Amino acid sequence: MNPQQLTTVQAVDNAFIFILGVSIFMLLLITGLMVYFVIRYSRKRYPVPLSQKDQNLWLEIVWTVIPTLLVMAMFWFGWEGFLTLQRIPDGAIQVNATARMWSWKFTYDSGKSSGKLYVPVGTPVKVKLESLDVLHAFYAPAFRVKRDVVPGMTTWVWFEAEESGSYNLFCAEYCGVGHADMITTIEAVPQAEFDQWVIFSQPPVVDGEILLDRYGCLSCHSLDGSASVGPTLQQIAGRITKVKRGAESLELRVDRDYLRRAILDPEAEIVEGFAPIMPPFAKGSLGQDLDRMLDFLMTGESIAPLDGEQIAKEQGCLGCHSIDGSALVGPSFKAIFGRITEIEGRGGITVDAAYLRRSITHPEAEIVDDYPSIMPVYDQLTEAELNALVDYLKGIK
Ligand code: HEC
Ligand code: HEC
Ligand SMILES: [Cu+2]
């Protein structure tokens, strides 16, 4: 077998193209011969048969041996393809995929998760597949992989993206009314971008110190007043800082804008007495965390609230709940706060924050009348995420 492993695309395409090629060749050969014989030996030309052969050993050998070889070759390509799909190459990174009605969640080693599958170009990726509810299937046509995602069982696929781009990813097993919402994409990005993305945009944290630590700020900055590689960040807001902007020396009061510049473009203004070695942080890689970081640095404590809408999207809530009043799989979120909701076997309950929390963490405890009890249990949300969700729901008018 080849010392260098095939990719899944090569493996499947080899088998496919070989079988297709043989089939087309046979189709043309047989049809051509048939037409030729029909004309050549038509009854008009030869009303009486010229000969009546019933034996030709060579012909029999030829049409036994050649098809046998062809079928064995088909088996060879198929078998090689099967083995390639089974054998995960060395150096593959792992991503865990969780399918649920009706969304995908991909979790990376760093703890980061996303609704699209991000992969580095040129590195094999092993995707571990698990389902939280019913049968789904992971189907990425561009990489020729398709595998059932079975509740209670772990399956996996691997593939390697050779070029960066955005590739379709489907659920290929009908899994209920929201099945079609399980379309997402595989985003293949250059390795450096992937590393940046996986490391620098991680799950939301609520503690400012953890947040700074996560981005590596604390390896150069202290929070206790001591200078290290960079100035301390303790009580930085409002402090007068001496910086060099080009050749110019300035004294600036630290405000939000200054902090933003110091993080996104540290080279523009260098704090006196320190080396210009702080790496710039791209706005995109910090995302929402930039504002939360600034909040923390400005106040020393509070962190901006998480974006509840974002969480609702990521968690798939909006696949089952509309915000425009239409009933999807679950009741609409429109004007949910304060309304009376009819609970099976218990009558009307006024929707308040506590009820919303219970609905999310223990949806099976109170079932809204006329709806099936299929809402997934969200017990993995952090306190902050839960609060953000409840605030978001409250705000939907
Ligand atoms: C490799 C070390 C290093 C890392 C990592 C680093 N910094 Fe810095 N930082 C410095 C140095 C050195 C300075 C002073 C020189 C300058 O202004 O660029 C500085 C300056 C600053 C200043 C201006 C401080 C003042 O007194 O005016 C702020 C604010 C700051 N960094 C925030 C951050 C944040 C937030 C992070 C993480 C997202 C971070 N830094 C990551 C080394 C680092
Ligand atoms: C698979 C579909 C599905 C998903 C995903 C889902 N829900 Fe639900 N949800 C339902 C159904 C069905 C009901 C009604 C039955 C019940 O009470 O369990 C419901 C009920 C609710 C209720 C009570 C509504 C009322 O009118 O009293 C709230 C609040 C709620 N969901 C919030 C959420 C949030 C927040 C998320 C995301 C974290 C979410 N749901 C995700 C299907 C879903
Ligand atoms: Cu599905």
# chains A, B, ... in the order shown; residues from 1 in each chain; ligands from 1
>>> residues_around(residues="stretch 331-348 of chain A", least_positions_apart="6", cutoff="8 Å", atoms="only C-alpha atoms", output="short mmCIF file (atom, residue, chain, number, x, y, z; two decimals) with all heavy atoms, in the first residue's frame")
data_model
loop_
_atom_site.label_atom_id
_atom_site.label_comp_id
_atom_site.auth_asym_id
_atom_site.auth_seq_id
_atom_site.Cartn_x
_atom_site.Cartn_y
_atom_site.Cartn_z
N HIS A 321 -37.37 28.49 18.66
CA HIS A 321 -38.21 29.59 19.15
C HIS A 321 -38.06 30.78 18.22
O HIS A 321 -36.93 31.18 17.92
CB HIS A 321 -37.74 30.02 20.55
CG HIS A 321 -37.91 28.95 21.58
ND1 HIS A 321 -39.10 28.68 22.20
CD2 HIS A 321 -37.02 28.08 22.12
CE1 HIS A 321 -38.94 27.69 23.07
NE2 HIS A 321 -37.68 27.30 23.04
N SER A 322 -39.17 31.35 17.80
CA SER A 322 -39.08 32.56 16.97
C SER A 322 -39.09 33.78 17.88
O SER A 322 -39.35 33.68 19.07
CB SER A 322 -40.27 32.63 16.02
OG SER A 322 -41.39 33.16 16.71
N ILE A 323 -38.77 34.93 17.31
CA ILE A 323 -38.92 36.16 18.09
C ILE A 323 -39.99 37.05 17.46
O ILE A 323 -40.18 38.18 17.87
CB ILE A 323 -37.59 36.93 18.21
CG1 ILE A 323 -37.00 37.21 16.84
CG2 ILE A 323 -36.60 36.19 19.04
CD1 ILE A 323 -35.87 38.23 16.88
N ASP A 324 -40.70 36.52 16.46
CA ASP A 324 -41.69 37.36 15.78
C ASP A 324 -43.12 36.92 16.04
O ASP A 324 -44.06 37.34 15.36
CB ASP A 324 -41.41 37.36 14.27
CG ASP A 324 -41.57 35.97 13.67
OD1 ASP A 324 -41.95 35.03 14.42
OD2 ASP A 324 -41.32 35.81 12.46
N GLY A 325 -43.31 36.04 17.01
CA GLY A 325 -44.68 35.66 17.36
C GLY A 325 -45.13 34.36 16.72
O GLY A 325 -46.13 33.78 17.14
N GLU A 366 -41.64 21.81 33.67
CA GLU A 366 -42.89 22.48 33.35
C GLU A 366 -43.04 22.50 31.83
O GLU A 366 -42.25 23.13 31.14
CB GLU A 366 -42.87 23.93 33.87
CG GLU A 366 -42.93 24.01 35.37
CD GLU A 366 -42.26 25.27 35.91
OE1 GLU A 366 -41.13 25.57 35.47
OE2 GLU A 366 -42.86 25.94 36.75
N ILE A 367 -44.05 21.82 31.35
CA ILE A 367 -44.24 21.73 29.91
C ILE A 367 -45.37 22.66 29.49
O ILE A 367 -46.47 22.60 30.04
CB ILE A 367 -44.59 20.29 29.49
CG1 ILE A 367 -43.53 19.31 29.99
CG2 ILE A 367 -44.75 20.20 27.98
CD1 ILE A 367 -42.16 19.56 29.42
N VAL A 368 -45.07 23.52 28.54
CA VAL A 368 -46.10 24.43 28.05
C VAL A 368 -47.18 23.62 27.32
O VAL A 368 -46.86 22.73 26.54
CB VAL A 368 -45.47 25.47 27.09
CG1 VAL A 368 -46.53 26.48 26.64
CG2 VAL A 368 -44.31 26.19 27.76
N ASP A 369 -48.44 23.94 27.61
CA ASP A 369 -49.58 23.25 27.00
C ASP A 369 -49.45 23.21 25.48
O ASP A 369 -49.07 24.20 24.86
CB ASP A 369 -50.88 24.01 27.34
CG ASP A 369 -51.65 23.27 28.43
OD1 ASP A 369 -51.23 22.14 28.78
OD2 ASP A 369 -52.65 23.82 28.92
N TYR A 371 -47.42 21.78 23.60
CA TYR A 371 -46.10 21.63 22.99
C TYR A 371 -45.50 20.31 23.44
O TYR A 371 -45.76 19.87 24.56
CB TYR A 371 -45.17 22.79 23.38
CG TYR A 371 -45.51 24.07 22.66
CD1 TYR A 371 -46.33 25.03 23.24
CD2 TYR A 371 -45.01 24.30 21.38
CE1 TYR A 371 -46.64 26.20 22.55
CE2 TYR A 371 -45.32 25.46 20.70
CZ TYR A 371 -46.13 26.41 21.29
OH TYR A 371 -46.43 27.55 20.61
N LEU A 393 -34.12 37.51 26.83
CA LEU A 393 -35.53 37.12 26.68
C LEU A 393 -36.44 38.23 27.20
O LEU A 393 -37.47 38.54 26.60
CB LEU A 393 -35.80 35.81 27.43
CG LEU A 393 -35.11 34.57 26.86
CD1 LEU A 393 -35.40 33.34 27.70
CD2 LEU A 393 -35.54 34.34 25.40
N LYS A 394 -36.04 38.81 28.33
CA LYS A 394 -36.82 39.91 28.91
C LYS A 394 -37.00 41.04 27.93
O LYS A 394 -38.02 41.70 27.90
CB LYS A 394 -36.07 40.48 30.12
CG LYS A 394 -36.40 39.87 31.44
CD LYS A 394 -35.74 40.74 32.51
CE LYS A 394 -35.72 40.05 33.84
NZ LYS A 394 -34.95 40.83 34.83
N GLY A 395 -35.96 41.27 27.14
CA GLY A 395 -35.95 42.44 26.26
C GLY A 395 -36.71 42.24 24.95
O GLY A 395 -36.83 43.18 24.17
N ILE A 396 -37.18 41.02 24.68
CA ILE A 396 -37.85 40.80 23.39
C ILE A 396 -39.30 41.27 23.48
O ILE A 396 -40.11 40.68 24.18
CB ILE A 396 -37.78 39.31 22.98
CG1 ILE A 396 -36.32 38.88 22.91
CG2 ILE A 396 -38.46 39.10 21.63
CD1 ILE A 396 -36.13 37.41 22.67
N LYS A 397 -39.58 42.36 22.80
CA LYS A 397 -40.92 42.97 22.93
C LYS A 397 -41.87 42.38 21.91
O LYS A 397 -41.48 42.03 20.83
CB LYS A 397 -40.80 44.49 22.71
CG LYS A 397 -40.02 45.17 23.83
CD LYS A 397 -40.86 45.26 25.10
CE LYS A 397 -40.17 45.89 26.29
NZ LYS A 397 -39.01 45.23 26.82
#
>>> residues_around(residues="stretch 264-275 of chain A", least_positions_apart="4", cutoff="12 Å", atoms="only C-alpha atoms", output="PyMOL selection string")
chain A and resi 220-221+227-232+240-252+254+257-260+279-287+290-291+294
>>> residues_near_ligand(ligand="ligand 2", cutoff="6 Å", atoms="only C-alpha atoms and all ligand atoms", output="ChimeraX atom specification")
/A:101,312,315-317,320,329-331,341,356,359-360,363-364,366-368,371-376
>>> residues_around(residues="A:Thr8", least_positions_apart="2", cutoff="8 Å", atoms="only C-alpha atoms", output="list in words")
Leu6, Gln10, Ala11, Val12, Gly81, Thr84, Leu85, Phe143, Arg144, Val145, Trp158, Phe159 and Glu160 of chain A
>>> residues_around(residues="A:Glu309", least_positions_apart="4", cutoff="9 Å", atoms="only C-alpha atoms", output="PyMOL selection string")
chain A and resi 313-314+388-389+392-393
>>> write_last_selection(atoms="all heavy atoms", output="JSON list (two decimals), in the first residue's frame")
[["chain", "number", "residue", "atom", "x", "y", "z"],
["A", 313, "LYS", "N", -28.33, 32.25, 19.77],
["A", 313, "LYS", "CA", -28.04, 31.73, 18.43],
["A", 313, "LYS", "C", -27.12, 30.52, 18.52],
["A", 313, "LYS", "O", -27.37, 29.49, 17.91],
["A", 313, "LYS", "CB", -27.35, 32.81, 17.58],
["A", 313, "LYS", "CG", -28.33, 33.73, 16.91],
["A", 313, "LYS", "CD", -27.59, 34.68, 15.97],
["A", 313, "LYS", "CE", -28.46, 35.86, 15.63],
["A", 313, "LYS", "NZ", -27.69, 37.11, 15.54],
["A", 314, "GLU", "N", -26.05, 30.68, 19.30],
["A", 314, "GLU", "CA", -25.07, 29.60, 19.39],
["A", 314, "GLU", "C", -25.68, 28.33, 19.98],
["A", 314, "GLU", "O", -25.30, 27.23, 19.63],
["A", 314, "GLU", "CB", -23.88, 30.03, 20.25],
["A", 314, "GLU", "CG", -22.93, 30.94, 19.52],
["A", 314, "GLU", "CD", -21.88, 31.55, 20.44],
["A", 314, "GLU", "OE1", -21.76, 31.10, 21.61],
["A", 314, "GLU", "OE2", -21.22, 32.48, 20.01],
["A", 388, "ALA", "N", -27.42, 36.30, 31.00],
["A", 388, "ALA", "CA", -27.46, 37.03, 29.73],
["A", 388, "ALA", "C", -28.66, 36.57, 28.90],
["A", 388, "ALA", "O", -29.35, 37.38, 28.28],
["A", 388, "ALA", "CB", -26.16, 36.82, 28.97],
["A", 389, "LEU", "N", -28.91, 35.28, 28.91],
["A", 389, "LEU", "CA", -30.04, 34.74, 28.16],
["A", 389, "LEU", "C", -31.35, 35.28, 28.70],
["A", 389, "LEU", "O", -32.24, 35.70, 27.95],
["A", 389, "LEU", "CB", -30.06, 33.21, 28.26],
["A", 389, "LEU", "CG", -29.37, 32.43, 27.16],
["A", 389, "LEU", "CD1", -29.45, 30.94, 27.46],
["A", 389, "LEU", "CD2", -29.99, 32.72, 25.81],
["A", 392, "TYR", "N", -31.81, 38.79, 27.79],
["A", 392, "TYR", "CA", -32.16, 38.89, 26.37],
["A", 392, "TYR", "C", -33.65, 38.58, 26.17],
["A", 392, "TYR", "O", -34.37, 39.30, 25.49],
["A", 392, "TYR", "CB", -31.29, 37.91, 25.57],
["A", 392, "TYR", "CG", -31.76, 37.62, 24.18],
["A", 392, "TYR", "CD1", -31.79, 38.62, 23.21],
["A", 392, "TYR", "CD2", -32.20, 36.34, 23.82],
["A", 392, "TYR", "CE1", -32.24, 38.35, 21.93],
["A", 392, "TYR", "CE2", -32.65, 36.07, 22.55],
["A", 392, "TYR", "CZ", -32.68, 37.08, 21.60],
["A", 392, "TYR", "OH", -33.13, 36.81, 20.35],
["A", 393, "LEU", "N", -34.12, 37.51, 26.83],
["A", 393, "LEU", "CA", -35.53, 37.12, 26.68],
["A", 393, "LEU", "C", -36.44, 38.23, 27.20],
["A", 393, "LEU", "O", -37.47, 38.54, 26.60],
["A", 393, "LEU", "CB", -35.80, 35.81, 27.43],
["A", 393, "LEU", "CG", -35.11, 34.57, 26.86],
["A", 393, "LEU", "CD1", -35.40, 33.34, 27.70],
["A", 393, "LEU", "CD2", -35.54, 34.34, 25.40]]
>>> closest_atom_pairs(of="chain A", to="ligand 3", cutoff="7 Å", atoms="only C-alpha atoms and all ligand atoms", output="JSON lines")
{"residue": "A:Ala99", "atom": "CA", "partner": "ligand 3", "partner_atom_place_in_ligand_line": "1 (Cu)", "distance": 6.8}
{"residue": "A:Arg100", "atom": "CA", "partner": "ligand 3", "partner_atom_place_in_ligand_line": "1 (Cu)", "distance": 6.8}
{"residue": "A:Met101", "atom": "CA", "partner": "ligand 3", "partner_atom_place_in_ligand_line": "1 (Cu)", "distance": 6.2}
{"residue": "A:Trp102", "atom": "CA", "partner": "ligand 3", "partner_atom_place_in_ligand_line": "1 (Cu)", "distance": 6.0}
{"residue": "A:Leu135", "atom": "CA", "partner": "ligand 3", "partner_atom_place_in_ligand_line": "1 (Cu)", "distance": 6.7}
{"residue": "A:His136", "atom": "CA", "partner": "ligand 3", "partner_atom_place_in_ligand_line": "1 (Cu)", "distance": 4.0}
{"residue": "A:Ala137", "atom": "CA", "partner": "ligand 3", "partner_atom_place_in_ligand_line": "1 (Cu)", "distance": 6.3}
{"residue": "A:Cys171", "atom": "CA", "partner": "ligand 3", "partner_atom_place_in_ligand_line": "1 (Cu)", "distance": 4.7}
{"residue": "A:Ala172", "atom": "CA", "partner": "ligand 3", "partner_atom_place_in_ligand_line": "1 (Cu)", "distance": 6.8}
{"residue": "A:Glu173", "atom": "CA", "partner": "ligand 3", "partner_atom_place_in_ligand_line": "1 (Cu)", "distance": 5.7}
{"residue": "A:Tyr174", "atom": "CA", "partner": "ligand 3", "partner_atom_place_in_ligand_line": "1 (Cu)", "distance": 6.0}
{"residue": "A:Cys175", "atom": "CA", "partner": "ligand 3", "partner_atom_place_in_ligand_line": "1 (Cu)", "distance": 4.6}
{"residue": "A:His179", "atom": "CA", "partner": "ligand 3", "partner_atom_place_in_ligand_line": "1 (Cu)", "distance": 5.2}
{"residue": "A:Met182", "atom": "CA", "partner": "ligand 3", "partner_atom_place_in_ligand_line": "1 (Cu)", "distance": 6.0}
>>> write_last_selection(atoms="N, CA, C and O atoms", output="PDB file, in the first residue's frame")
ATOM      1  N   ALA A  99     -24.118  16.866  17.875  1.00  0.00           N
ATOM      2  CA  ALA A  99     -25.305  17.173  17.090  1.00  0.00           C
ATOM      3  C   ALA A  99     -26.507  17.124  18.025  1.00  0.00           C
ATOM      4  O   ALA A  99     -26.570  16.298  18.929  1.00  0.00           O
ATOM      5  N   ARG A 100     -27.409  18.060  17.830  1.00  0.00           N
ATOM      6  CA  ARG A 100     -28.647  18.033  18.586  1.00  0.00           C
ATOM      7  C   ARG A 100     -29.716  18.594  17.679  1.00  0.00           C
ATOM      8  O   ARG A 100     -29.437  19.188  16.655  1.00  0.00           O
ATOM      9  N   MET A 101     -30.984  18.392  18.075  1.00  0.00           N
ATOM     10  CA  MET A 101     -32.048  18.998  17.293  1.00  0.00           C
ATOM     11  C   MET A 101     -31.969  20.514  17.504  1.00  0.00           C
ATOM     12  O   MET A 101     -32.243  20.958  18.616  1.00  0.00           O
ATOM     13  N   TRP A 102     -31.621  21.377  16.629  1.00  0.00           N
ATOM     14  CA  TRP A 102     -31.200  21.187  15.286  1.00  0.00           C
ATOM     15  C   TRP A 102     -30.020  22.079  15.033  1.00  0.00           C
ATOM     16  O   TRP A 102     -30.123  23.088  14.356  1.00  0.00           O
ATOM     17  N   LEU A 135     -30.951  10.387  15.862  1.00  0.00           N
ATOM     18  CA  LEU A 135     -29.976  10.073  14.829  1.00  0.00           C
ATOM     19  C   LEU A 135     -29.754  11.267  13.902  1.00  0.00           C
ATOM     20  O   LEU A 135     -30.705  11.818  13.349  1.00  0.00           O
ATOM     21  N   HIS A 136     -28.520  11.690  13.748  1.00  0.00           N
ATOM     22  CA  HIS A 136     -28.151  12.704  12.756  1.00  0.00           C
ATOM     23  C   HIS A 136     -27.059  12.095  11.873  1.00  0.00           C
ATOM     24  O   HIS A 136     -26.624  10.971  12.125  1.00  0.00           O
ATOM     25  N   ALA A 137     -26.606  12.833  10.884  1.00  0.00           N
ATOM     26  CA  ALA A 137     -25.472  12.344  10.101  1.00  0.00           C
ATOM     27  C   ALA A 137     -24.613  13.517   9.660  1.00  0.00           C
ATOM     28  O   ALA A 137     -25.115  14.560   9.259  1.00  0.00           O
ATOM     29  N   CYS A 171     -26.581  17.948   7.804  1.00  0.00           N
ATOM     30  CA  CYS A 171     -27.071  16.764   8.504  1.00  0.00           C
ATOM     31  C   CYS A 171     -27.761  15.938   7.417  1.00  0.00           C
ATOM     32  O   CYS A 171     -28.620  16.444   6.707  1.00  0.00           O
ATOM     33  N   ALA A 172     -27.367  14.679   7.277  1.00  0.00           N
ATOM     34  CA  ALA A 172     -27.894  13.878   6.181  1.00  0.00           C
ATOM     35  C   ALA A 172     -28.844  12.795   6.681  1.00  0.00           C
ATOM     36  O   ALA A 172     -28.979  11.748   6.071  1.00  0.00           O
ATOM     37  N   GLU A 173     -29.473  13.046   7.829  1.00  0.00           N
ATOM     38  CA  GLU A 173     -30.414  12.056   8.347  1.00  0.00           C
ATOM     39  C   GLU A 173     -31.607  12.845   8.842  1.00  0.00           C
ATOM     40  O   GLU A 173     -31.460  13.682   9.728  1.00  0.00           O
ATOM     41  N   TYR A 174     -32.769  12.609   8.261  1.00  0.00           N
ATOM     42  CA  TYR A 174     -33.923  13.417   8.642  1.00  0.00           C
ATOM     43  C   TYR A 174     -34.167  13.301  10.141  1.00  0.00           C
ATOM     44  O   TYR A 174     -34.363  12.219  10.661  1.00  0.00           O
ATOM     45  N   CYS A 175     -34.132  14.443  10.842  1.00  0.00           N
ATOM     46  CA  CYS A 175     -34.147  14.394  12.307  1.00  0.00           C
ATOM     47  C   CYS A 175     -35.239  15.266  12.888  1.00  0.00           C
ATOM     48  O   CYS A 175     -35.143  15.707  14.022  1.00  0.00           O
ATOM     49  N   HIS A 179     -34.732  19.889  10.703  1.00  0.00           N
ATOM     50  CA  HIS A 179     -33.618  19.187  10.044  1.00  0.00           C
ATOM     51  C   HIS A 179     -32.832  20.107   9.099  1.00  0.00           C
ATOM     52  O   HIS A 179     -31.606  20.112   9.089  1.00  0.00           O
ATOM     53  N   MET A 182     -29.908  22.350  10.021  1.00  0.00           N
ATOM     54  CA  MET A 182     -28.593  21.814  10.385  1.00  0.00           C
ATOM     55  C   MET A 182     -27.570  21.974   9.266  1.00  0.00           C
ATOM     56  O   MET A 182     -26.584  21.260   9.215  1.00  0.00           O
TER      57      MET A 182
END
>>> atom_distance(atom1="atom CA of A:Ala142", atom2="atom CA of A:Val157")
13.4 Å
>>> select_by_dssp(residues="stretch 19-177 of chain A", states="helix (DSSP H, G or I)", output="PyMOL selection string")
chain A and resi 19-40+57-86+141-143
>>> atom_distance(atom1="atom CA of A:Lys116", atom2="atom CA of A:Leu386")
22.3 Å
>>> closest_residue(among="A:Glu209, A:Asp370, A:Asp54, A:Asp307", to="ligand 1", atoms="only C-alpha atoms and all ligand atoms")
A:Glu209
>>> residues_around(residues="A:Thr154", least_positions_apart="4", cutoff="10 Å", atoms="only C-alpha atoms", output="list of chain:residue names")
A:Lys128, A:Leu129, A:Glu130, A:Ser131, A:Asp148, A:Val149, A:Val150
